[in-house]
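Heads up, upload_39.csv below (CSV, C-alpha atoms (C1' of nucleotides)):
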chain,number,residue,atom,x,y,z
A,25,MET,CA,105.8,118.7,159.1
A,26,SER,CA,109.1,120.4,159.6
A,27,GLU,CA,109.8,123.2,162.0
A,28,LYS,CA,110.3,125.5,159.1
A,29,ASN,CA,106.9,125.0,157.6
A,30,LYS,CA,105.0,125.6,160.8
A,31,LYS,CA,102.7,128.5,160.3
A,32,THR,CA,102.6,131.1,163.0
A,33,LYS,CA,99.4,131.2,164.9
A,34,ILE,CA,97.1,134.0,165.6
A,35,ILE,CA,94.2,134.0,168.0
A,36,VAL,CA,91.2,136.2,167.3
A,37,ILE,CA,88.5,136.9,169.9
A,38,VAL,CA,85.3,138.6,168.7
A,39,GLY,CA,81.9,139.2,170.2
A,40,PRO,CA,79.4,141.9,170.9
A,41,THR,CA,80.0,144.7,173.3
A,42,SER,CA,79.8,143.7,177.0
A,43,SER,CA,80.4,140.1,176.2
A,44,GLY,CA,83.5,139.9,178.3
A,45,LYS,CA,86.0,139.6,175.5
A,46,SER,CA,88.8,141.6,177.1
A,47,ASP,CA,89.0,139.5,180.3
A,48,ILE,CA,89.1,136.4,178.3
A,49,ALA,CA,91.8,137.7,176.0
A,50,VAL,CA,93.9,138.7,179.0
A,51,ALA,CA,93.5,135.2,180.5
A,52,LEU,CA,94.6,133.6,177.2
A,53,ALA,CA,97.6,135.9,176.9
A,54,LYS,CA,98.7,135.0,180.4
A,55,LYS,CA,98.3,131.3,179.8
A,56,PHE,CA,99.8,131.1,176.3
A,57,LYS,CA,102.3,134.0,176.4
A,58,GLY,CA,100.5,136.4,174.1
A,59,GLU,CA,100.1,140.1,173.5
A,60,ILE,CA,96.8,141.7,172.7
A,61,ILE,CA,95.9,143.8,169.7
A,62,SER,CA,92.7,145.6,170.3
A,63,ALA,CA,90.3,145.8,167.3
A,64,ASP,CA,88.0,148.6,168.4
A,65,SER,CA,87.3,151.6,166.2
A,66,ARG,CA,87.0,154.0,169.2
A,67,GLN,CA,89.4,152.6,171.7
A,68,VAL,CA,92.1,153.8,169.3
A,69,TYR,CA,91.4,157.3,170.5
A,70,LYS,CA,93.2,158.9,173.4
A,71,GLY,CA,90.9,160.0,176.2
A,72,LEU,CA,87.9,158.0,175.2
A,73,ASP,CA,88.2,155.6,178.1
A,74,ILE,CA,85.1,154.9,180.1
A,75,GLY,CA,82.6,155.3,177.3
A,76,THR,CA,84.4,152.9,175.0
A,77,GLY,CA,84.8,150.4,177.8
A,78,LYS,CA,88.6,150.6,177.4
A,79,ILE,CA,90.5,148.1,179.5
A,80,THR,CA,92.3,149.7,182.5
A,81,LYS,CA,96.0,149.2,183.3
A,82,LYS,CA,95.0,147.0,186.3
A,83,GLU,CA,92.8,144.8,184.2
A,84,MET,CA,95.6,144.3,181.7
A,85,ARG,CA,97.4,142.4,184.4
A,86,GLY,CA,100.7,143.1,182.8
A,87,VAL,CA,99.8,141.9,179.3
A,88,PRO,CA,100.9,144.3,176.6
A,89,HIS,CA,98.0,145.8,174.6
A,90,HIS,CA,98.4,147.4,171.2
A,91,LEU,CA,96.3,149.8,169.1
A,92,LEU,CA,94.9,151.6,172.1
A,93,ASP,CA,95.3,155.3,172.3
A,94,VAL,CA,97.1,155.6,169.0
A,95,CYS,CA,95.1,158.6,167.6
A,96,SER,CA,93.7,161.9,168.8
A,97,PRO,CA,89.9,162.0,168.9
A,98,LYS,CA,90.1,165.2,166.9
A,99,LYS,CA,91.5,163.3,164.0
A,100,ARG,CA,89.8,160.5,162.0
A,101,PHE,CA,91.1,157.0,162.2
A,102,THR,CA,90.2,154.6,159.4
A,103,ALA,CA,90.1,150.9,158.7
A,104,SER,CA,93.2,151.3,156.6
A,105,ASP,CA,95.1,152.9,159.5
A,106,PHE,CA,94.1,150.0,161.6
A,107,ASN,CA,95.3,147.6,159.0
A,108,LYS,CA,98.7,149.1,158.8
A,109,LEU,CA,99.3,149.5,162.5
A,110,ALA,CA,97.9,146.0,163.3
A,111,GLN,CA,100.2,144.4,160.7
A,112,LYS,CA,103.1,146.1,162.2
A,113,ALA,CA,102.1,145.0,165.7
A,114,ILE,CA,101.7,141.4,164.6
A,115,LYS,CA,105.2,141.4,163.2
A,116,GLU,CA,106.7,142.9,166.4
A,117,ILE,CA,104.9,140.4,168.6
A,118,ILE,CA,106.0,137.5,166.6
A,119,ALA,CA,109.6,138.8,166.7
A,120,ARG,CA,109.3,138.6,170.5
A,121,LYS,CA,108.2,135.0,170.1
A,122,LYS,CA,104.8,135.7,171.5
A,123,ILE,CA,101.3,134.9,170.2
A,124,PRO,CA,99.3,137.8,168.7
A,125,ILE,CA,95.8,137.8,170.2
A,126,ILE,CA,93.4,140.1,168.3
A,127,CYS,CA,90.5,141.1,170.4
A,128,GLY,CA,87.7,143.4,169.6
A,129,GLY,CA,84.2,144.2,168.4
A,130,THR,CA,84.8,146.1,165.2
A,131,GLY,CA,84.3,143.3,162.7
A,132,PHE,CA,85.1,145.6,159.9
A,133,TYR,CA,88.6,146.2,161.2
A,134,ILE,CA,89.2,142.6,161.7
A,135,ASP,CA,88.1,141.8,158.2
A,136,ALA,CA,90.2,144.6,156.8
A,137,LEU,CA,93.2,142.9,158.5
A,138,LEU,CA,92.4,139.2,157.9
A,139,GLY,CA,89.4,138.9,155.7
A,140,ASP,CA,89.0,138.1,152.1
A,141,LYS,CA,88.1,141.6,150.9
A,142,GLN,CA,90.9,143.9,149.9
A,143,ILE,CA,90.6,147.5,150.9
A,144,PRO,CA,92.0,149.7,148.2
A,145,GLU,CA,94.8,151.9,149.3
A,146,VAL,CA,93.0,155.1,148.4
A,147,PRO,CA,92.9,157.7,151.1
A,148,PRO,CA,89.7,159.6,151.8
A,149,ASN,CA,89.3,162.7,149.7
A,150,PRO,CA,87.4,165.2,151.8
A,151,LYS,CA,87.0,167.8,149.0
A,152,LEU,CA,85.5,165.3,146.6
A,153,ARG,CA,83.3,163.8,149.4
A,154,LYS,CA,82.0,167.2,150.2
A,155,ILE,CA,80.8,167.7,146.7
A,156,LEU,CA,79.4,164.3,146.2
A,157,GLU,CA,77.6,164.2,149.6
A,158,LYS,CA,75.2,166.8,148.2
A,159,LYS,CA,74.0,164.6,145.4
A,160,THR,CA,71.2,162.1,145.6
A,161,VAL,CA,71.9,158.3,145.4
A,162,GLU,CA,70.5,158.3,141.9
A,163,GLU,CA,72.9,160.9,140.7
A,164,LEU,CA,75.8,159.2,142.5
A,165,PHE,CA,74.9,155.9,140.9
A,166,LYS,CA,74.9,157.5,137.4
A,167,ILE,CA,78.4,158.9,138.0
A,168,LEU,CA,79.7,155.5,139.2
A,169,LYS,CA,78.2,153.7,136.3
A,170,LYS,CA,80.2,155.9,133.9
A,171,LEU,CA,83.4,155.3,135.9
A,172,ASP,CA,83.2,151.6,136.8
A,173,LEU,CA,80.6,149.3,135.4
A,174,VAL,CA,81.7,146.3,137.5
A,175,ARG,CA,81.5,148.1,140.8
A,176,ALA,CA,78.2,149.7,139.8
A,177,SER,CA,76.8,146.2,139.2
A,178,ASN,CA,77.4,144.9,142.7
A,179,ILE,CA,77.2,148.0,144.8
A,180,ASP,CA,74.4,148.7,147.3
A,181,VAL,CA,72.5,151.2,145.1
A,182,LYS,CA,70.8,153.0,148.0
A,183,ASN,CA,73.8,153.5,150.2
A,184,PRO,CA,75.2,157.0,149.7
A,185,ARG,CA,78.4,156.4,151.7
A,186,ARG,CA,79.3,153.3,149.6
A,187,LEU,CA,78.6,155.1,146.4
A,188,VAL,CA,80.7,158.1,147.3
A,189,ARG,CA,83.5,155.8,148.3
A,190,ALA,CA,83.4,153.9,145.1
A,191,ILE,CA,83.6,157.0,143.1
A,192,GLU,CA,86.4,158.3,145.2
A,193,ILE,CA,88.3,155.1,144.4
A,194,CYS,CA,87.7,155.5,140.7
A,195,GLU,CA,88.9,159.0,140.7
A,196,ALA,CA,92.1,158.2,142.6
A,197,ILE,CA,93.0,155.1,140.6
A,198,GLY,CA,93.3,157.4,137.6
A,199,LYS,CA,96.1,159.2,139.3
A,200,VAL,CA,97.8,156.6,141.5
A,201,PRO,CA,100.2,154.0,140.1
A,202,LYS,CA,98.5,150.6,140.1
A,203,LEU,CA,101.2,149.1,142.3
A,204,GLN,CA,100.2,151.1,145.3
A,205,ILE,CA,96.7,149.7,145.1
A,206,GLN,CA,97.7,146.2,145.9
A,207,ASN,CA,98.3,145.3,149.5
A,208,SER,CA,99.8,142.5,151.5
A,209,LYS,CA,96.7,141.0,152.9
A,210,SER,CA,96.9,137.7,151.2
A,211,GLU,CA,100.4,137.4,152.5
A,212,ILE,CA,99.1,137.5,156.0
A,213,ARG,CA,96.6,134.8,155.4
A,214,ASN,CA,99.1,132.5,153.8
A,215,LYS,CA,101.6,133.0,156.5
A,216,PHE,CA,99.5,132.5,159.6
A,217,LYS,CA,97.1,130.0,161.0
A,218,ILE,CA,94.2,131.7,162.5
A,219,ILE,CA,91.5,130.7,165.0
A,220,LYS,CA,88.5,132.9,165.4
A,221,ILE,CA,86.6,132.5,168.7
A,222,GLY,CA,83.3,134.2,169.1
A,223,ILE,CA,81.9,134.9,172.5
A,224,LYS,CA,78.4,133.4,172.4
A,225,ILE,CA,75.8,135.0,174.6
A,226,SER,CA,71.9,135.1,174.6
A,227,ASN,CA,70.1,138.4,173.9
A,228,GLU,CA,68.6,138.5,177.4
A,229,GLU,CA,72.0,138.0,179.0
A,230,LEU,CA,73.5,140.6,176.7
A,231,LYS,CA,70.9,143.1,177.6
A,232,LYS,CA,71.5,142.5,181.3
A,233,ARG,CA,75.2,142.9,180.9
A,234,ILE,CA,74.9,146.1,178.9
A,235,ASN,CA,72.7,147.8,181.4
A,236,LYS,CA,74.9,146.8,184.2
A,237,ARG,CA,77.9,148.1,182.4
A,238,ILE,CA,76.3,151.4,181.7
A,239,ASP,CA,75.5,151.9,185.4
A,240,LYS,CA,79.1,151.1,186.1
A,241,TRP,CA,80.3,153.7,183.6
A,242,PHE,CA,78.3,156.5,185.3
A,243,LYS,CA,79.7,155.5,188.6
A,244,MET,CA,83.2,155.6,187.2
A,245,GLY,CA,82.6,159.1,186.0
A,246,LEU,CA,81.5,159.0,182.4
A,247,LEU,CA,79.9,162.5,182.7
A,248,LYS,CA,83.2,163.9,184.0
A,249,GLU,CA,85.1,162.3,181.2
A,250,VAL,CA,82.9,163.8,178.5
A,251,LYS,CA,83.0,167.2,180.2
A,252,ASN,CA,86.8,167.1,180.3
A,253,LEU,CA,87.0,166.1,176.7
A,254,HIS,CA,84.9,169.1,175.7
A,255,LYS,CA,86.9,171.4,178.0
A,256,ASN,CA,90.0,170.2,176.2
A,257,GLY,CA,88.6,171.2,172.9
A,258,LEU,CA,86.7,168.2,171.5
A,259,SER,CA,83.6,169.7,169.9
A,260,TRP,CA,80.1,168.5,170.6
A,261,LYS,CA,79.9,167.9,166.9
A,262,ARG,CA,82.9,165.6,166.8
A,263,MET,CA,81.5,163.9,169.9
A,264,GLY,CA,78.4,163.1,167.9
A,265,GLU,CA,80.5,161.5,165.2
A,266,ILE,CA,82.4,159.4,167.6
A,267,GLY,CA,79.3,157.6,168.7
A,268,LEU,CA,76.7,156.6,171.1
A,269,GLU,CA,77.8,157.2,174.6
A,270,TYR,CA,79.6,160.3,173.6
A,271,LYS,CA,76.8,161.5,171.4
A,272,ILE,CA,74.2,160.9,174.0
A,273,VAL,CA,76.1,162.3,177.0
A,274,ALA,CA,76.9,165.3,174.9
A,275,SER,CA,73.2,165.9,174.3
A,276,TYR,CA,72.5,165.6,178.0
A,277,LEU,CA,75.3,168.0,178.9
A,278,GLN,CA,73.9,170.5,176.4
A,279,ASN,CA,70.5,170.1,178.1
A,280,LYS,CA,68.9,168.6,175.0
A,281,ILE,CA,67.6,165.5,176.8
A,282,SER,CA,66.9,164.5,180.4
A,283,LYS,CA,69.0,162.2,182.5
A,284,GLU,CA,66.4,159.4,182.3
A,285,GLU,CA,66.3,159.8,178.5
A,286,MET,CA,70.0,159.7,178.3
A,287,ILE,CA,70.2,156.4,180.2
A,288,LEU,CA,67.4,154.9,178.3
A,289,ARG,CA,68.8,155.8,174.9
A,290,MET,CA,72.2,154.6,175.9
A,291,GLN,CA,70.8,151.2,176.8
A,292,THR,CA,68.7,150.9,173.7
A,293,GLU,CA,71.3,152.1,171.3
A,294,THR,CA,74.1,150.0,172.8
A,295,TYR,CA,71.9,147.0,172.5
A,296,GLN,CA,71.1,147.8,168.9
A,297,TYR,CA,74.8,148.2,168.3
A,298,ALA,CA,75.4,144.8,169.8
A,299,LYS,CA,72.9,143.3,167.4
A,300,ARG,CA,74.6,144.9,164.4
A,301,GLN,CA,77.9,143.5,165.5
A,302,MET,CA,76.3,140.1,165.7
A,303,THR,CA,74.9,140.5,162.2
A,304,TRP,CA,78.4,141.2,161.0
A,305,PHE,CA,80.0,138.3,162.8
A,306,LYS,CA,77.3,135.8,161.8
A,307,ARG,CA,78.4,136.0,158.2
A,308,ASP,CA,81.9,134.7,159.0
A,309,LYS,CA,81.5,130.9,159.1
A,310,ASN,CA,85.0,130.4,160.4
A,311,ILE,CA,84.1,131.7,163.8
A,312,VAL,CA,83.9,129.1,166.6
A,313,TRP,CA,81.2,130.2,169.1
A,314,ILE,CA,81.9,129.6,172.7
A,315,PRO,CA,80.2,130.7,175.9
A,316,PRO,CA,82.0,133.4,177.9
A,317,LYS,CA,83.8,131.0,180.2
A,318,ILE,CA,87.5,131.2,180.4
A,319,ASN,CA,87.9,127.4,180.8
A,320,SER,CA,85.9,126.7,177.6
A,321,VAL,CA,87.9,129.2,175.6
A,322,THR,CA,91.2,128.0,177.0
A,323,LYS,CA,90.4,124.5,176.1
A,324,GLU,CA,89.5,125.4,172.5
A,325,THR,CA,92.6,127.5,172.2
A,326,ASN,CA,94.8,124.8,173.6
A,327,LYS,CA,93.5,122.4,171.0
A,328,PHE,CA,94.3,124.9,168.2
A,329,LEU,CA,97.8,125.6,169.4
A,330,LYS,CA,98.7,121.9,169.8
A,331,ASN,CA,97.6,121.0,166.3
A,332,GLU,CA,100.3,120.7,163.6
B,3,G,C1',29.0,167.6,192.8
B,4,G,C1',29.0,170.6,187.8
B,5,G,C1',31.5,171.5,183.1
B,6,C,C1',35.2,170.6,179.1
B,7,C,C1',38.9,167.7,176.4
B,8,U,C1',40.8,163.0,174.9
B,9,A,C1',41.1,157.4,173.6
B,10,U,C1',44.6,154.8,166.6
B,11,A,C1',51.1,150.2,166.4
B,12,U,C1',55.7,149.2,172.2
B,13,U,C1',55.7,154.5,172.5
B,14,U,C1',54.7,159.6,170.4
B,15,C,C1',51.4,161.4,167.0
B,16,A,C1',48.8,162.0,161.8
B,17,G,C1',44.2,161.0,159.4
B,18,U,C1',39.4,160.2,156.3
B,19,G,C1',31.6,158.4,156.4
B,20,G,C1',34.2,153.8,151.7
B,21,U,C1',41.0,148.7,152.0
B,22,A,C1',44.2,153.2,158.3
B,23,G,C1',49.9,156.7,157.7
B,24,A,C1',54.7,158.5,159.8
B,25,A,C1',58.5,158.5,163.4
B,26,U,C1',60.2,155.2,167.1
B,27,U,C1',60.6,150.3,169.4
B,28,C,C1',61.1,145.2,168.0
B,29,U,C1',62.7,141.1,164.3
B,30,C,C1',65.7,140.1,160.0
B,31,C,C1',69.3,141.5,156.6
B,32,U,C1',73.4,144.3,153.5
B,33,C,C1',78.3,146.0,153.8
B,34,U,C1',85.7,146.9,149.9
B,35,C,C1',89.2,153.2,154.2
B,36,C,C1',83.8,157.7,158.8
B,37,A,C1',81.9,151.1,161.0
B,38,A,C1',79.0,152.6,168.0
B,39,A,C1',78.9,154.4,160.6
B,40,A,C1',75.8,154.1,156.3
B,41,G,C1',71.6,151.6,154.1
B,42,G,C1',67.5,147.8,153.1
B,43,A,C1',63.2,144.6,154.4
B,44,G,C1',59.5,142.9,157.7
B,45,C,C1',56.0,142.5,162.2
B,46,G,C1',52.6,145.7,164.4
B,47,A,C1',46.8,149.6,165.9
B,48,C,C1',41.5,152.5,165.4
B,49,C,C1',39.2,151.3,174.2
B,50,G,C1',34.2,148.5,175.1
B,51,G,C1',28.6,148.4,174.4
B,52,G,C1',24.5,150.4,171.7
B,53,G,C1',22.5,153.7,167.8
B,54,U,C1',22.3,156.5,162.8
B,55,U,C1',24.0,154.6,157.8
B,56,C,C1',24.2,150.6,152.0
B,57,G,C1',28.7,151.2,154.8
B,58,A,C1',31.3,153.8,161.3
B,59,A,C1',37.8,153.6,163.3
B,60,U,C1',35.3,158.4,161.7
B,61,C,C1',28.8,161.0,163.4
B,62,C,C1',25.5,160.3,168.0
B,63,U,C1',25.0,158.0,172.9
B,64,C,C1',26.3,155.2,177.2
B,65,G,C1',30.3,152.9,179.8
B,66,U,C1',35.4,152.7,181.0
B,67,G,C1',40.4,154.7,181.2
B,68,G,C1',43.3,159.2,181.0
B,69,G,C1',43.8,164.8,181.2
B,70,C,C1',41.9,169.7,182.6
B,71,C,C1',38.7,173.7,184.7
B,72,C,C1',35.0,175.3,188.4
B,73,G,C1',33.3,174.2,193.3
When written as structure tokens, how does the structure in this file appear?
Amino acid sequence: MSEKNKKTKIIVIVGPTSSGKSDIAVALAKKFKGEIISADSRQVYKGLDIGTGKITKKEMRGVPHHLLDVCSPKKRFTASDFNKLAQKAIKEIIARKKIPIICGGTGFYIDALLGDKQIPEVPPNPKLRKILEKKTVEELFKILKKLDLVRASNIDVKNPRRLVRAIEICEAIGKVPKLQIQNSKSEIRNKFKIIKIGIKISNEELKKRINKRIDKWFKMGLLKEVKNLHKNGLSWKRMGEIGLEYKIVASYLQNKISKEEMILRMQTETYQYAKRQMTWFKRDKNIVWIPPKINSVTKETNKFLKNE
RNA sequence: GGGCCUAUAUUUCAGUGGUAGAAUUCUCCUCUCCAAAAGGAGCGACCGGGGUUCGAAUCCUCGUGGGCCCG
């Protein structure tokens, strides 16, 4: 194969929370001259550091990281935002003749970027959502049926969020020129060769790691972080939307739950989250599952990079 | 030592003399711009002995565990 036809390569590291993805990604970046694109729906927010398990400057060991701290937690970041910024980052990294390493636990974001499914370029419509959110799933389904029979036939009938979104898309397509609805996803897939490595870890081991990590977070000052965020104007309500650690710590700081309950809930809910992540990843048959050992992952990556 | 209350799912609690119900945990699953989100499915229990009864998890009694009051 000629030099010209060689596809650019991208490495993807996925796995549940606390599986040790970040360290492995840094090690790979060091060894193979890469830069890391984080695929984490909450690490994109500035100031959410300890509770999202965000990598520290020191842990980065000089490897550039992208898609961290790109949005204020007061605003809402979407999968589409991720898609755009990540595509841009990939291009820049390649221009620097380095390998993009996508690493993160938000499978939905990774699929939005590299997966088969196209995410329509229709921005959220808060006004419409507000109206629709008051309706029952039956009512929503009726509306969707009138607008788009095809989508109505394959949608999850009992999921209000999906229904609202589907209606939102129908409403918008009426107004937006068709051209804007297409995106350049397929282009990415044709252009690049991708390896997806999943960090494989037993449930018992995962539980242990999660609990250990939560302990560490409190020692690092998670309570202080949340207090500061609130002092700087991040509402308890928004904290609840952002997710577990922040939701739970916020409850504690408002004296709604005890300290013991806070820790217990954090452990349980983080573990549940990890399970949900795995449910998502399991569907992707292209993922190669490897234990969390740097040597094993390096070996597999090396094989991938040498091919072709 | 005397008296009272209580015992149902991992947990917290409903409940009825006639096939035991919820929330939660756990397991599995779905996913087209909130994704640590939103949703679906499944597993799972009447403390033990005796009695009353056609039939007891339910009523009575003893035991055991738990809680409380008086001394």
Please report as a VMD selection string which residues of chain A come no farther than 7 Å from chain B, using only C-alpha atoms (C1' of nucleotides).
chain A and resid 102 to 104 132 141 to 143 147 to 148 182 to 183 185 267 to 268 297
Which neighbours of B:C28 fall inside 12 Å, counting all atoms listed in the file, when residues of the same chain fewer than 3 positions from it are skipped, and could you give them as a list in words?
Thr292, Tyr295, Gln296 and Lys299 of chain A; A11, U12, U13, G44, C45 and G46 of chain B
With C-alpha atoms (C1' of nucleotides) kept, could you save the residues just selected as an mmCIF file, in the coordinates of the input?
data_model
loop_
_atom_site.group_PDB
_atom_site.id
_atom_site.type_symbol
_atom_site.label_atom_id
_atom_site.label_comp_id
_atom_site.auth_asym_id
_atom_site.auth_seq_id
_atom_site.Cartn_x
_atom_site.Cartn_y
_atom_site.Cartn_z
ATOM 1 C CA THR A 292 68.700 150.900 173.700
ATOM 2 C CA TYR A 295 71.900 147.000 172.500
ATOM 3 C CA GLN A 296 71.100 147.800 168.900
ATOM 4 C CA LYS A 299 72.900 143.300 167.400
ATOM 5 C "C1'" A B 11 51.100 150.200 166.400
ATOM 6 C "C1'" U B 12 55.700 149.200 172.200
ATOM 7 C "C1'" U B 13 55.700 154.500 172.500
ATOM 8 C "C1'" G B 44 59.500 142.900 157.700
ATOM 9 C "C1'" C B 45 56.000 142.500 162.200
ATOM 10 C "C1'" G B 46 52.600 145.700 164.400
#
Which value, in Å to one decimal, gives the distance between atom CA of A:Lys45 and atom CA of A:Ile219?
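Calculated distance between atom CA of A:Lys45 and atom CA of A:Ile219 is 14.8 Å.
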What does the distance between atom CA of A:Asn310 and atom CA of A:Ala176 come to in Å, to one decimal place?
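Distance reported for this atom pair: 29.0 Å.
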Could you jot down the atom CA of A:Pro184 to atom CA of A:Asn149 separation for me, Å, one decimal place?
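Separation between atom CA of A:Pro184 and atom CA of A:Asn149: 15.2 Å.
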Could you list, as number ranges by chain, every residue within 8 Å of A:Ile74, counting all atoms listed in the file and ignoring same-chain residues fewer than 5 positions away?
A: 241, 244-246, 249
Limited to C-alpha atoms, could you put the picked residues into a file as a PDB file, keeping the file's coordinate frame?
ATOM      1  CA  TRP A 241      80.300 153.700 183.600  1.00  0.00           C
ATOM      2  CA  MET A 244      83.200 155.600 187.200  1.00  0.00           C
ATOM      3  CA  GLY A 245      82.600 159.100 186.000  1.00  0.00           C
ATOM      4  CA  LEU A 246      81.500 159.000 182.400  1.00  0.00           C
ATOM      5  CA  GLU A 249      85.100 162.300 181.200  1.00  0.00           C
TER       6      GLU A 249
END
Find the residues around stretch 311-314 of chain A up to 8 Å (only C-alpha atoms (C1' of nucleotides) counted), leave out those fewer than 2 positions away in its own chain, and share them as a list in words.
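Counting only C-alpha atoms (C1' of nucleotides), the residues come to Ile219, Lys220, Ile221, Gly222, Ile223, Lys224, Phe305, Asp308, Lys309, Pro316, Lys317, Ser320 and Val321 of chain A.
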